[in-house]
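Participant: Please find input-v2.cif (mmCIF, C-alpha atoms) on the next line:
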```cif
data_entry
#
loop_
_atom_site.group_PDB
_atom_site.id
_atom_site.type_symbol
_atom_site.label_atom_id
_atom_site.label_comp_id
_atom_site.auth_asym_id
_atom_site.auth_seq_id
_atom_site.Cartn_x
_atom_site.Cartn_y
_atom_site.Cartn_z
ATOM 1 C CA MET Z 385 -64.849 14.930 19.017
ATOM 2 C CA LYS Z 386 -64.355 12.752 15.984
ATOM 3 C CA ASN Z 387 -62.210 15.470 14.374
ATOM 4 C CA LYS Z 388 -60.057 15.643 17.524
ATOM 5 C CA TRP Z 389 -59.287 11.909 17.455
ATOM 6 C CA LEU Z 390 -58.633 12.115 13.717
ATOM 7 C CA TRP Z 391 -55.955 14.714 14.302
ATOM 8 C CA VAL Z 392 -54.445 12.574 17.043
ATOM 9 C CA TRP Z 393 -54.266 9.562 14.724
ATOM 10 C CA ILE Z 394 -52.531 11.739 12.108
ATOM 11 C CA ALA Z 395 -50.191 13.581 14.476
ATOM 12 C CA VAL Z 396 -48.807 10.541 16.321
ATOM 13 C CA PRO Z 397 -47.447 8.755 13.198
ATOM 14 C CA LEU Z 398 -46.053 12.027 11.865
ATOM 15 C CA CYS Z 399 -44.226 12.675 15.129
ATOM 16 C CA MET Z 400 -42.800 9.154 15.086
ATOM 17 C CA ILE Z 401 -41.604 9.575 11.501
ATOM 18 C CA LEU Z 402 -40.023 12.934 12.341
ATOM 19 C CA LEU Z 403 -38.297 11.452 15.388
ATOM 20 C CA PHE Z 404 -36.955 8.599 13.260
ATOM 21 C CA VAL Z 405 -35.604 10.977 10.604
ATOM 22 C CA VAL Z 406 -33.893 13.145 13.222
ATOM 23 C CA SER Z 407 -32.389 10.056 14.901
ATOM 24 C CA VAL Z 408 -31.008 8.771 11.602
ATOM 25 C CA TYR Z 409 -29.499 12.178 10.815
ATOM 26 C CA VAL Z 410 -27.829 12.493 14.219
ATOM 27 C CA ALA Z 411 -26.519 8.924 13.993
ATOM 28 C CA SER Z 412 -25.104 9.548 10.523
ATOM 29 C CA MET Z 413 -23.155 12.506 11.881
ATOM 30 C CA LEU Z 414 -21.700 10.464 14.732
ATOM 31 C CA LEU Z 415 -21.196 7.018 13.286
ATOM 32 C CA GLY Z 416 -17.922 5.783 11.840
ATOM 33 C CA GLU Z 417 -17.306 2.605 9.854
ATOM 34 C CA LYS Z 418 -19.394 -0.444 10.805
ATOM 35 C CA GLY Z 419 -21.990 1.744 12.508
ATOM 36 C CA ARG Z 420 -19.949 2.454 15.635
ATOM 37 C CA PHE Z 421 -20.192 5.750 17.450
ATOM 38 C CA VAL Z 422 -17.061 7.877 17.150
ATOM 39 C CA THR Z 423 -16.773 9.414 20.586
ATOM 40 C CA GLY Z 424 -13.042 9.679 21.240
ATOM 41 C CA GLY Z 425 -11.861 10.408 17.736
ATOM 42 C CA GLY Z 426 -11.050 8.004 14.936
ATOM 43 C CA VAL Z 427 -8.782 7.370 11.975
ATOM 44 C CA GLY Z 428 -9.852 8.476 8.519
ATOM 45 C CA LEU Z 429 -9.448 6.008 5.665
ATOM 46 C CA LEU Z 430 -8.762 7.457 2.213
ATOM 47 C CA GLU Z 431 -8.441 5.036 -0.698
ATOM 48 C CA VAL Z 432 -6.791 5.712 -4.065
ATOM 49 C CA ARG Z 433 -7.289 2.777 -6.408
ATOM 50 C CA GLY Z 434 -6.491 2.273 -10.083
ATOM 51 C CA PRO Z 435 -4.837 4.609 -12.587
ATOM 52 C CA ILE Z 436 -4.711 8.228 -11.394
ATOM 53 C CA LEU Z 437 -6.493 9.950 -14.270
ATOM 54 C CA GLU Z 438 -8.415 12.616 -12.324
ATOM 55 C CA SER Z 439 -8.059 14.231 -8.922
ATOM 56 C CA GLN Z 440 -11.177 16.173 -7.956
ATOM 57 C CA GLU Z 441 -13.077 13.429 -6.126
ATOM 58 C CA THR Z 442 -9.972 12.397 -4.174
ATOM 59 C CA ILE Z 443 -9.282 16.032 -3.278
ATOM 60 C CA ARG Z 444 -12.869 16.429 -2.069
ATOM 61 C CA GLN Z 445 -12.453 13.426 0.205
ATOM 62 C CA ILE Z 446 -9.098 14.685 1.524
ATOM 63 C CA ARG Z 447 -10.618 18.032 2.460
ATOM 64 C CA GLU Z 448 -13.592 16.349 4.097
ATOM 65 C CA LEU Z 449 -11.286 14.286 6.313
ATOM 66 C CA LYS Z 450 -9.146 17.334 7.055
ATOM 67 C CA ASP Z 451 -12.165 19.343 8.226
ATOM 68 C CA ASP Z 452 -13.755 16.507 10.232
ATOM 69 C CA THR Z 453 -12.911 17.090 13.912
ATOM 70 C CA ASN Z 454 -13.580 13.403 14.663
ATOM 71 C CA VAL Z 455 -10.698 12.432 12.375
ATOM 72 C CA LYS Z 456 -7.472 12.585 14.372
ATOM 73 C CA ALA Z 457 -5.212 10.930 11.770
ATOM 74 C CA VAL Z 458 -5.586 9.575 8.246
ATOM 75 C CA VAL Z 459 -4.534 6.347 6.560
ATOM 76 C CA LEU Z 460 -3.999 6.668 2.812
ATOM 77 C CA ARG Z 461 -4.438 3.300 1.125
ATOM 78 C CA VAL Z 462 -2.702 3.314 -2.262
ATOM 79 C CA GLU Z 463 -3.424 0.642 -4.845
ATOM 80 C CA SER Z 464 -2.288 2.365 -8.040
ATOM 81 C CA PRO Z 465 0.306 1.906 -10.806
ATOM 82 C CA GLY Z 466 0.477 5.655 -11.407
ATOM 83 C CA GLY Z 467 -1.118 7.915 -13.982
ATOM 84 C CA GLY Z 468 -1.103 11.491 -15.221
ATOM 85 C CA VAL Z 469 1.295 14.156 -14.005
ATOM 86 C CA GLY Z 470 -1.366 16.797 -13.319
ATOM 87 C CA PRO Z 471 -3.750 14.674 -11.210
ATOM 88 C CA SER Z 472 -0.871 13.077 -9.295
ATOM 89 C CA GLN Z 473 0.622 16.462 -8.441
ATOM 90 C CA GLU Z 474 -2.738 17.876 -7.371
ATOM 91 C CA ILE Z 475 -3.378 14.955 -5.010
ATOM 92 C CA TYR Z 476 0.204 15.192 -3.735
ATOM 93 C CA GLU Z 477 -0.287 18.858 -2.816
ATOM 94 C CA GLU Z 478 -3.506 18.127 -0.922
ATOM 95 C CA ILE Z 479 -1.910 15.217 0.948
ATOM 96 C CA LYS Z 480 0.959 17.534 1.848
ATOM 97 C CA LYS Z 481 -1.494 20.107 3.260
ATOM 98 C CA LEU Z 482 -3.339 17.386 5.168
ATOM 99 C CA ALA Z 483 -0.064 16.086 6.634
ATOM 100 C CA GLY Z 484 0.603 19.604 7.914
ATOM 101 C CA GLN Z 485 -2.489 19.338 10.153
ATOM 102 C CA LYS Z 486 -2.922 15.625 10.891
ATOM 103 C CA LYS Z 487 -0.698 12.583 10.853
ATOM 104 C CA VAL Z 488 -0.915 10.706 7.549
ATOM 105 C CA VAL Z 489 0.104 7.055 7.334
ATOM 106 C CA VAL Z 490 0.311 5.354 3.929
ATOM 107 C CA SER Z 491 -0.594 1.721 3.407
ATOM 108 C CA MET Z 492 0.636 0.370 0.065
ATOM 109 C CA GLY Z 493 -1.257 -2.528 -1.473
ATOM 110 C CA SER Z 494 -0.014 -4.735 -4.284
ATOM 111 C CA VAL Z 495 1.142 -1.774 -6.414
ATOM 112 C CA ALA Z 496 1.953 1.793 -5.371
ATOM 113 C CA ALA Z 497 4.336 2.936 -8.071
ATOM 114 C CA SER Z 498 5.214 6.062 -9.991
ATOM 115 C CA GLY Z 499 2.284 8.462 -9.531
ATOM 116 C CA GLY Z 500 1.068 6.102 -6.815
ATOM 117 C CA TYR Z 501 4.353 6.623 -4.993
ATOM 118 C CA TYR Z 502 4.314 10.363 -5.714
ATOM 119 C CA ILE Z 503 1.108 10.905 -3.721
ATOM 120 C CA ALA Z 504 2.487 8.825 -0.830
ATOM 121 C CA ALA Z 505 5.700 10.811 -0.448
ATOM 122 C CA PRO Z 506 4.441 13.513 1.993
ATOM 123 C CA ALA Z 507 3.139 10.992 4.561
ATOM 124 C CA SER Z 508 4.476 10.795 8.116
ATOM 125 C CA VAL Z 509 4.956 7.028 7.830
ATOM 126 C CA ILE Z 510 4.802 4.729 4.798
ATOM 127 C CA TYR Z 511 3.916 1.052 5.166
ATOM 128 C CA ALA Z 512 4.387 -1.479 2.365
ATOM 129 C CA ASN Z 513 3.958 -5.206 2.117
ATOM 130 C CA PRO Z 514 7.221 -7.103 1.510
ATOM 131 C CA GLY Z 515 6.043 -7.887 -2.036
ATOM 132 C CA THR Z 516 4.478 -4.509 -2.842
ATOM 133 C CA ILE Z 517 5.632 -3.147 -6.213
ATOM 134 C CA THR Z 518 6.678 0.457 -5.718
ATOM 135 C CA GLY Z 519 9.211 2.984 -6.980
ATOM 136 C CA SER Z 520 9.194 3.610 -10.750
ATOM 137 C CA ILE Z 521 10.231 7.199 -10.063
ATOM 138 C CA GLY Z 522 10.435 8.772 -13.484
ATOM 139 C CA VAL Z 523 8.555 10.282 -16.414
ATOM 140 C CA LEU Z 524 8.042 9.144 -19.974
ATOM 141 C CA MET Z 525 6.364 10.127 -23.218
ATOM 142 C CA LYS Z 526 5.485 7.677 -25.950
ATOM 143 C CA PHE Z 527 4.669 8.445 -29.561
ATOM 144 C CA ALA Z 528 3.582 6.058 -32.287
ATOM 145 C CA THR Z 529 4.415 6.606 -35.942
ATOM 146 C CA MET Z 530 2.333 5.468 -38.914
ATOM 147 C CA GLU Z 531 4.489 6.996 -41.638
ATOM 148 C CA GLY Z 532 5.655 3.643 -43.027
ATOM 149 C CA LEU Z 533 2.151 2.161 -43.001
ATOM 150 C CA MET Z 534 0.682 5.207 -44.719
ATOM 151 C CA GLY Z 535 3.354 5.028 -47.400
ATOM 152 C CA LYS Z 536 2.495 1.397 -48.108
ATOM 153 C CA ILE Z 537 -1.177 2.119 -48.622
ATOM 154 C CA GLY Z 538 -0.561 5.329 -50.548
ATOM 155 C CA VAL Z 539 -1.910 7.832 -48.011
ATOM 156 C CA LYS Z 540 -0.246 11.222 -47.520
ATOM 157 C CA ALA Z 541 -0.899 13.803 -44.809
ATOM 158 C CA ASN Z 542 -0.711 17.581 -45.165
ATOM 159 C CA THR Z 543 -0.490 19.749 -42.047
ATOM 160 C CA LEU Z 544 -0.933 23.495 -41.702
ATOM 161 C CA LYS Z 545 0.316 24.958 -38.417
ATOM 162 C CA SER Z 546 0.843 28.283 -36.713
ATOM 163 C CA GLY Z 547 4.237 27.451 -35.251
ATOM 164 C CA GLU Z 548 7.177 25.108 -35.655
ATOM 165 C CA PHE Z 549 6.235 22.868 -32.719
ATOM 166 C CA LYS Z 550 2.444 22.889 -33.010
ATOM 167 C CA ASP Z 551 2.234 19.343 -34.398
ATOM 168 C CA VAL Z 552 5.047 17.891 -32.322
ATOM 169 C CA GLY Z 553 4.598 14.151 -31.920
ATOM 170 C CA SER Z 554 2.646 13.803 -35.143
ATOM 171 C CA PRO Z 555 2.357 10.114 -36.103
ATOM 172 C CA VAL Z 556 2.601 10.879 -39.827
ATOM 173 C CA ARG Z 557 6.197 12.128 -39.927
ATOM 174 C CA PRO Z 558 9.540 11.603 -38.180
ATOM 175 C CA MET Z 559 10.343 13.732 -35.128
ATOM 176 C CA THR Z 560 12.973 16.422 -35.708
ATOM 177 C CA ASP Z 561 16.024 16.896 -33.497
ATOM 178 C CA LYS Z 562 14.681 20.242 -32.263
ATOM 179 C CA GLU Z 563 11.347 18.670 -31.339
ATOM 180 C CA ARG Z 564 13.077 15.839 -29.528
ATOM 181 C CA ALA Z 565 15.212 18.313 -27.566
ATOM 182 C CA MET Z 566 12.141 20.381 -26.646
ATOM 183 C CA LEU Z 567 10.213 17.356 -25.385
ATOM 184 C CA GLN Z 568 13.239 16.098 -23.475
ATOM 185 C CA GLY Z 569 13.338 19.464 -21.716
ATOM 186 C CA VAL Z 570 9.717 19.023 -20.632
ATOM 187 C CA ILE Z 571 10.450 15.516 -19.356
ATOM 188 C CA ASP Z 572 13.562 16.678 -17.482
ATOM 189 C CA SER Z 573 11.609 19.485 -15.805
ATOM 190 C CA THR Z 574 8.791 17.169 -14.725
ATOM 191 C CA TYR Z 575 11.287 14.561 -13.568
ATOM 192 C CA GLY Z 576 13.040 17.190 -11.444
ATOM 193 C CA GLN Z 577 9.709 18.059 -9.789
ATOM 194 C CA PHE Z 578 9.100 14.383 -9.014
ATOM 195 C CA VAL Z 579 12.568 13.910 -7.512
ATOM 196 C CA LYS Z 580 12.217 17.074 -5.418
ATOM 197 C CA ALA Z 581 8.845 15.914 -4.049
ATOM 198 C CA VAL Z 582 10.302 12.545 -3.038
ATOM 199 C CA ALA Z 583 13.411 14.161 -1.495
ATOM 200 C CA GLU Z 584 11.298 16.562 0.572
ATOM 201 C CA GLY Z 585 8.777 13.948 1.636
ATOM 202 C CA ARG Z 586 11.333 11.311 2.579
ATOM 203 C CA LYS Z 587 13.854 13.831 3.934
ATOM 204 C CA LEU Z 588 16.586 12.511 1.669
ATOM 205 C CA PRO Z 589 19.251 14.384 -0.313
ATOM 206 C CA VAL Z 590 18.216 15.072 -3.915
ATOM 207 C CA ASP Z 591 21.360 13.379 -5.248
ATOM 208 C CA GLU Z 592 20.533 10.228 -3.271
ATOM 209 C CA VAL Z 593 16.985 10.161 -4.667
ATOM 210 C CA LYS Z 594 18.330 10.577 -8.205
ATOM 211 C CA THR Z 595 20.347 7.391 -7.843
ATOM 212 C CA LEU Z 596 17.083 5.562 -7.085
ATOM 213 C CA ALA Z 597 14.933 7.431 -9.588
ATOM 214 C CA ASP Z 598 15.882 5.827 -12.876
ATOM 215 C CA GLY Z 599 12.430 4.316 -13.459
ATOM 216 C CA ARG Z 600 13.177 0.956 -11.854
ATOM 217 C CA ILE Z 601 10.672 -0.741 -9.595
ATOM 218 C CA TYR Z 602 11.320 -2.110 -6.107
ATOM 219 C CA THR Z 603 9.630 -4.558 -3.797
ATOM 220 C CA GLY Z 604 8.458 -3.209 -0.470
ATOM 221 C CA GLU Z 605 11.342 -5.044 1.175
ATOM 222 C CA GLN Z 606 13.875 -3.387 -1.125
ATOM 223 C CA ALA Z 607 12.211 0.014 -0.755
ATOM 224 C CA LYS Z 608 12.539 -0.164 3.032
ATOM 225 C CA VAL Z 609 16.290 -0.720 2.780
ATOM 226 C CA LEU Z 610 16.501 2.273 0.423
ATOM 227 C CA LYS Z 611 14.401 4.452 2.791
ATOM 228 C CA LEU Z 612 11.607 4.875 0.269
ATOM 229 C CA VAL Z 613 9.231 3.281 2.794
ATOM 230 C CA ASP Z 614 9.455 3.160 6.582
ATOM 231 C CA LYS Z 615 7.938 -0.112 7.705
ATOM 232 C CA LEU Z 616 6.676 -3.434 6.415
ATOM 233 C CA GLY Z 617 3.082 -4.231 7.278
ATOM 234 C CA ASN Z 618 -0.499 -4.366 6.071
ATOM 235 C CA LEU Z 619 -3.471 -2.007 6.253
ATOM 236 C CA GLU Z 620 -4.293 -3.015 9.835
ATOM 237 C CA ASP Z 621 -0.728 -2.185 10.902
ATOM 238 C CA ALA Z 622 -1.019 1.237 9.267
ATOM 239 C CA VAL Z 623 -4.338 1.933 11.023
ATOM 240 C CA ALA Z 624 -2.850 0.955 14.376
ATOM 241 C CA GLU Z 625 0.156 3.210 13.719
ATOM 242 C CA ALA Z 626 -2.105 6.137 12.839
ATOM 243 C CA GLY Z 627 -4.032 5.581 16.068
ATOM 244 C CA ARG Z 628 -0.829 5.620 18.112
ATOM 245 C CA LEU Z 629 0.424 8.772 16.423
ATOM 246 C CA ALA Z 630 -2.913 10.471 17.130
ATOM 247 C CA GLY Z 631 -2.907 9.389 20.755
ATOM 248 C CA ILE Z 632 -6.033 7.235 20.395
ATOM 249 C CA LYS Z 633 -6.329 4.589 23.080
ATOM 250 C CA GLY Z 634 -7.423 1.115 22.052
ATOM 251 C CA GLU Z 635 -8.426 0.039 18.578
ATOM 252 C CA PRO Z 636 -9.012 3.087 16.336
ATOM 253 C CA GLN Z 637 -12.419 3.475 14.757
ATOM 254 C CA LEU Z 638 -12.339 3.990 10.994
ATOM 255 C CA ILE Z 639 -14.044 6.991 9.452
ATOM 256 C CA LYS Z 640 -14.528 6.962 5.706
ATOM 257 C CA PRO Z 641 -15.321 10.090 3.683
ATOM 258 C CA SER Z 642 -18.753 10.320 2.149
ATOM 259 C CA LYS Z 643 -19.160 8.929 -1.327
ATOM 260 C CA LYS Z 644 -20.152 11.145 -4.194
ATOM 261 C CA LYS Z 645 -23.598 10.435 -5.542
ATOM 262 C CA LYS Z 646 -23.112 9.166 -9.068
ATOM 263 C CA LEU Z 647 -25.299 9.432 -12.092
ATOM 264 C CA LEU Z 648 -25.836 6.354 -14.246
ATOM 265 C CA LEU Z 649 -23.490 7.765 -16.919
ATOM 266 C CA ASP Z 650 -20.751 8.292 -14.304
ATOM 267 C CA MET Z 651 -21.066 4.686 -13.130
ATOM 268 C CA LEU Z 652 -20.913 3.364 -16.698
ATOM 269 C CA VAL Z 653 -17.803 5.443 -17.464
ATOM 270 C CA GLU Z 654 -16.136 4.357 -14.206
ATOM 271 C CA GLU Z 655 -16.914 0.709 -14.879
ATOM 272 C CA SER Z 656 -15.487 0.973 -18.402
ATOM 273 C CA ALA Z 657 -12.342 2.717 -17.138
ATOM 274 C CA GLY Z 658 -11.873 0.024 -14.508
ATOM 275 C CA ARG Z 659 -12.203 -2.762 -17.060
ATOM 276 C CA ILE Z 660 -9.708 -1.062 -19.395
ATOM 277 C CA GLY Z 661 -7.274 -0.563 -16.489
ATOM 278 C CA ASN Z 662 -7.543 -4.223 -15.510
ATOM 279 C CA LEU Z 663 -6.988 -5.314 -19.107
ATOM 280 C CA VAL Z 664 -3.949 -3.070 -19.477
ATOM 281 C CA THR Z 665 -2.475 -4.323 -16.210
ATOM 282 C CA ARG Z 666 -2.992 -7.938 -17.229
ATOM 283 C CA GLU Z 667 -1.461 -7.466 -20.656
ATOM 284 C CA SER Z 668 1.604 -5.547 -19.500
ATOM 285 C CA SER Z 669 2.445 -7.440 -16.273
ATOM 286 C CA PHE Z 670 3.400 -4.390 -14.186
ATOM 287 C CA SER Z 671 1.761 -1.089 -15.137
ATOM 288 C CA VAL Z 672 3.989 1.227 -13.207
ATOM 289 C CA ASN Z 673 4.788 4.041 -15.584
ATOM 290 C CA TYR Z 674 4.196 7.594 -14.468
ATOM 291 C CA GLU Z 675 3.344 9.098 -17.822
ATOM 292 C CA LEU Z 676 3.074 12.673 -18.956
ATOM 293 C CA ASP Z 677 0.177 12.030 -21.313
ATOM 294 C CA GLY Z 678 -1.931 10.385 -18.602
ATOM 295 C CA PHE Z 679 -2.043 6.899 -20.055
ATOM 296 C CA ILE Z 680 -0.710 3.755 -18.447
ATOM 297 C CA LYS Z 681 1.381 1.360 -20.472
#
```
Please go through the file and, once you have read it, give me the structure as structure tokens.

Facilitator:
Amino acid sequence: MKNKWLWVWIAVPLCMILLFVVSVYVASMLLGEKGRFVTGGGVGLLEVRGPILESQETIRQIRELKDDTNVKAVVLRVESPGGGVGPSQEIYEEIKKLAGQKKVVVSMGSVAASGGYYIAAPASVIYANPGTITGSIGVLMKFATMEGLMGKIGVKANTLKSGEFKDVGSPVRPMTDKERAMLQGVIDSTYGQFVKAVAEGRKLPVDEVKTLADGRIYTGEQAKVLKLVDKLGNLEDAVAEAGRLAGIKGEPQLIKPSKKKKLLLDMLVEESAGRIGNLVTRESSFSVNYELDGFIK
């Protein structure tokens, strides 16, 4: 008899714990932002912040929102001065695929320029604040030279290479005309890809985009006149627009993609990168260069 009651005392708490775990799991599958149940579909919120130096985590989040049947439309919040060509193009392609299945509305923050504008181009609707810094459609390479300094301190460099262009951009010697022409060809090709992406996304003639794509920046107000953005408004306006486009009645519920579990080293690296990005932005006023080498001015 005592053994029977012992098992009862053990079984009841275990059942309660199991029921709690199952309830939490089910709730986590159904809950959107702020712990609200997503019953009639919601709007996904994807955020891209800071220099675009890698793409894999953003791509993972895009695919998660694309596959989530509760997500009826997506708002892409861009707060970025740009970044590397490769990561920007990879995110652009995934946003383009997403826009082929669900409505994508962009909300630009204080800065959405260069690579930050690139990834916004495929959206159905682009919102910007009147004072948002955007545009900067262009590509650049920068090389430093230390030849004069090395000569002053009596240091010489010797380079062995397998081909004529293998040490192109070397800081210890002047760039040759052939090297300059080769690099200009790379820049022109990448620039053409950027212009084509903007023309396709904004449904504008390529020649018209080229007149705007000389590297200059625009305010959101100017960009609207030039058809680079569609409407002026904040994040809440973009969410409401996404809800309307998706046919959601009432205030849309926000659904954020899951966050990647980070190791301590990842968090330290991310924190360092963020501090460097903030320092660079502060020192250079507007960091809006879309650079081939992946570094922000």

Participant: What is the CA of Ile436 (chain Z)-CA of Lys615 (chain Z) distance in Å, reported with one decimal?

Facilitator: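 Going from CA of Ile436 (chain Z) over to CA of Lys615 (chain Z) covers 24.4 Å.
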
Participant: Using all atoms listed in the file, which residues sit within 7 Å of region 611-614 of chain Z once same-chain residues fewer than 2 positions away are excluded, as a ChimeraX atom specification?

Facilitator: /Z:509-512,586,607-609

Participant: Applied to the shown file, which residues does the PyMOL selection byres ((chain Z and resi 472-488) around 9) return, written as a PDB file with C-alpha atoms, in the frame of the given file?

Facilitator:
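Printed below is out10.pdb as written:
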```pdb
ATOM      1  CA  ILE Z 436      -4.711   8.228 -11.394  1.00  0.00           C
ATOM      2  CA  LEU Z 437      -6.493   9.950 -14.270  1.00  0.00           C
ATOM      3  CA  GLU Z 438      -8.415  12.616 -12.324  1.00  0.00           C
ATOM      4  CA  SER Z 439      -8.059  14.231  -8.922  1.00  0.00           C
ATOM      5  CA  GLN Z 440     -11.177  16.173  -7.956  1.00  0.00           C
ATOM      6  CA  THR Z 442      -9.972  12.397  -4.174  1.00  0.00           C
ATOM      7  CA  ILE Z 443      -9.282  16.032  -3.278  1.00  0.00           C
ATOM      8  CA  ILE Z 446      -9.098  14.685   1.524  1.00  0.00           C
ATOM      9  CA  ARG Z 447     -10.618  18.032   2.460  1.00  0.00           C
ATOM     10  CA  LEU Z 449     -11.286  14.286   6.313  1.00  0.00           C
ATOM     11  CA  LYS Z 450      -9.146  17.334   7.055  1.00  0.00           C
ATOM     12  CA  VAL Z 455     -10.698  12.432  12.375  1.00  0.00           C
ATOM     13  CA  LYS Z 456      -7.472  12.585  14.372  1.00  0.00           C
ATOM     14  CA  ALA Z 457      -5.212  10.930  11.770  1.00  0.00           C
ATOM     15  CA  VAL Z 458      -5.586   9.575   8.246  1.00  0.00           C
ATOM     16  CA  VAL Z 459      -4.534   6.347   6.560  1.00  0.00           C
ATOM     17  CA  LEU Z 460      -3.999   6.668   2.812  1.00  0.00           C
ATOM     18  CA  GLY Z 466       0.477   5.655 -11.407  1.00  0.00           C
ATOM     19  CA  GLY Z 467      -1.118   7.915 -13.982  1.00  0.00           C
ATOM     20  CA  GLY Z 468      -1.103  11.491 -15.221  1.00  0.00           C
ATOM     21  CA  VAL Z 469       1.295  14.156 -14.005  1.00  0.00           C
ATOM     22  CA  GLY Z 470      -1.366  16.797 -13.319  1.00  0.00           C
ATOM     23  CA  PRO Z 471      -3.750  14.674 -11.210  1.00  0.00           C
ATOM     24  CA  VAL Z 489       0.104   7.055   7.334  1.00  0.00           C
ATOM     25  CA  VAL Z 490       0.311   5.354   3.929  1.00  0.00           C
ATOM     26  CA  GLY Z 499       2.284   8.462  -9.531  1.00  0.00           C
ATOM     27  CA  GLY Z 500       1.068   6.102  -6.815  1.00  0.00           C
ATOM     28  CA  TYR Z 502       4.314  10.363  -5.714  1.00  0.00           C
ATOM     29  CA  ILE Z 503       1.108  10.905  -3.721  1.00  0.00           C
ATOM     30  CA  ALA Z 504       2.487   8.825  -0.830  1.00  0.00           C
ATOM     31  CA  ALA Z 505       5.700  10.811  -0.448  1.00  0.00           C
ATOM     32  CA  PRO Z 506       4.441  13.513   1.993  1.00  0.00           C
ATOM     33  CA  ALA Z 507       3.139  10.992   4.561  1.00  0.00           C
ATOM     34  CA  SER Z 508       4.476  10.795   8.116  1.00  0.00           C
ATOM     35  CA  VAL Z 509       4.956   7.028   7.830  1.00  0.00           C
ATOM     36  CA  ILE Z 510       4.802   4.729   4.798  1.00  0.00           C
ATOM     37  CA  PHE Z 578       9.100  14.383  -9.014  1.00  0.00           C
ATOM     38  CA  ALA Z 581       8.845  15.914  -4.049  1.00  0.00           C
ATOM     39  CA  GLY Z 585       8.777  13.948   1.636  1.00  0.00           C
ATOM     40  CA  ALA Z 626      -2.105   6.137  12.839  1.00  0.00           C
ATOM     41  CA  LEU Z 629       0.424   8.772  16.423  1.00  0.00           C
ATOM     42  CA  ALA Z 630      -2.913  10.471  17.130  1.00  0.00           C
TER      43      ALA Z 630
END
```

Participant: Would you kindly return, as a ChimeraX atom specification, each protein, DNA or RNA residue with an atom no farther than 7 Å from any atom of region 557-571 of chain Z, considering only C-alpha atoms and excluding same-chain residues fewer than 5 positions away?

Facilitator: /Z:523-524,531,549,552

Participant: Z:Ala528, Z:Val579, Z:Leu619, Z:Ala624: which is nearest Tyr501 (chain Z), counting all atoms listed in the file?

Facilitator: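 Comparing Z:Ala528, Z:Val579, Z:Leu619, Z:Ala624 against Tyr501 (chain Z), the winner is Z:Val579.
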
Participant: Which residue out of Z:Leu429, Z:Leu616, Z:Leu596, Z:Val590 has the minimum interatomic distance to Glu448 (chain Z) when all atoms listed in the file are used?

Facilitator: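 Nearest candidate to Glu448 (chain Z) out of Z:Leu429, Z:Leu616, Z:Leu596, Z:Val590: Z:Leu429.
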
Participant: Report the distance between CA of Glu592 (chain Z) and CA of Lys580 (chain Z) in Å, rounded to one decimal place.

Facilitator: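 Separation between CA of Glu592 (chain Z) and CA of Lys580 (chain Z): 11.0 Å.
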
Participant: By how many Å are CA of Ile521 (chain Z) and CA of Lys550 (chain Z) apart?

Facilitator: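 According to the coordinates, CA of Ile521 (chain Z) and CA of Lys550 (chain Z) are separated by 28.9 Å.
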
Participant: Step by step, work through what the PyMOL selection byres ((chain Z and resi 641) around 8) selects in the shown file, and finish by giving those residues as a list in words.

Facilitator: Gly428, Leu429, Leu430, Gln445, Glu448, Leu449, Ile639, Lys640, Ser642 and Lys643 of chain Z

Participant: Please write the residues picked by the PyMOL selection byres ((chain Z and resi 633) around 12) on this file as a list in words.

Facilitator: Thr423, Gly424, Gly425, Gly426, Val427, Lys456, Ala624, Glu625, Ala626, Gly627, Arg628, Leu629, Ala630, Gly631, Ile632, Gly634, Glu635, Pro636 and Gln637 of chain Z

Participant: Of the residues Z:Gly538, Z:Arg461, Z:Leu610, Z:Gly522, which is the one nearest to Gly576 (chain Z), using only C-alpha atoms?

Facilitator: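 Under the stated criterion, the closest residue is Z:Gly522.
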
Participant: Pick out the residues sitting within 9 Å of Thr516 (chain Z), and hand them over as a PyMOL selection string; count only C-alpha atoms, and ignore anything fewer than 4 positions along from it in its own chain.

Facilitator: chain Z and resi 492-496+512+602-605

Participant: Can I get the selection written as a PDB file, keeping the file's coordinate frame, with C-alpha atoms?

Facilitator:
```
ATOM      1  CA  MET Z 492       0.636   0.370   0.065  1.00  0.00           C
ATOM      2  CA  GLY Z 493      -1.257  -2.528  -1.473  1.00  0.00           C
ATOM      3  CA  SER Z 494      -0.014  -4.735  -4.284  1.00  0.00           C
ATOM      4  CA  VAL Z 495       1.142  -1.774  -6.414  1.00  0.00           C
ATOM      5  CA  ALA Z 496       1.953   1.793  -5.371  1.00  0.00           C
ATOM      6  CA  ALA Z 512       4.387  -1.479   2.365  1.00  0.00           C
ATOM      7  CA  TYR Z 602      11.320  -2.110  -6.107  1.00  0.00           C
ATOM      8  CA  THR Z 603       9.630  -4.558  -3.797  1.00  0.00           C
ATOM      9  CA  GLY Z 604       8.458  -3.209  -0.470  1.00  0.00           C
ATOM     10  CA  GLU Z 605      11.342  -5.044   1.175  1.00  0.00           C
TER      11      GLU Z 605
END
```
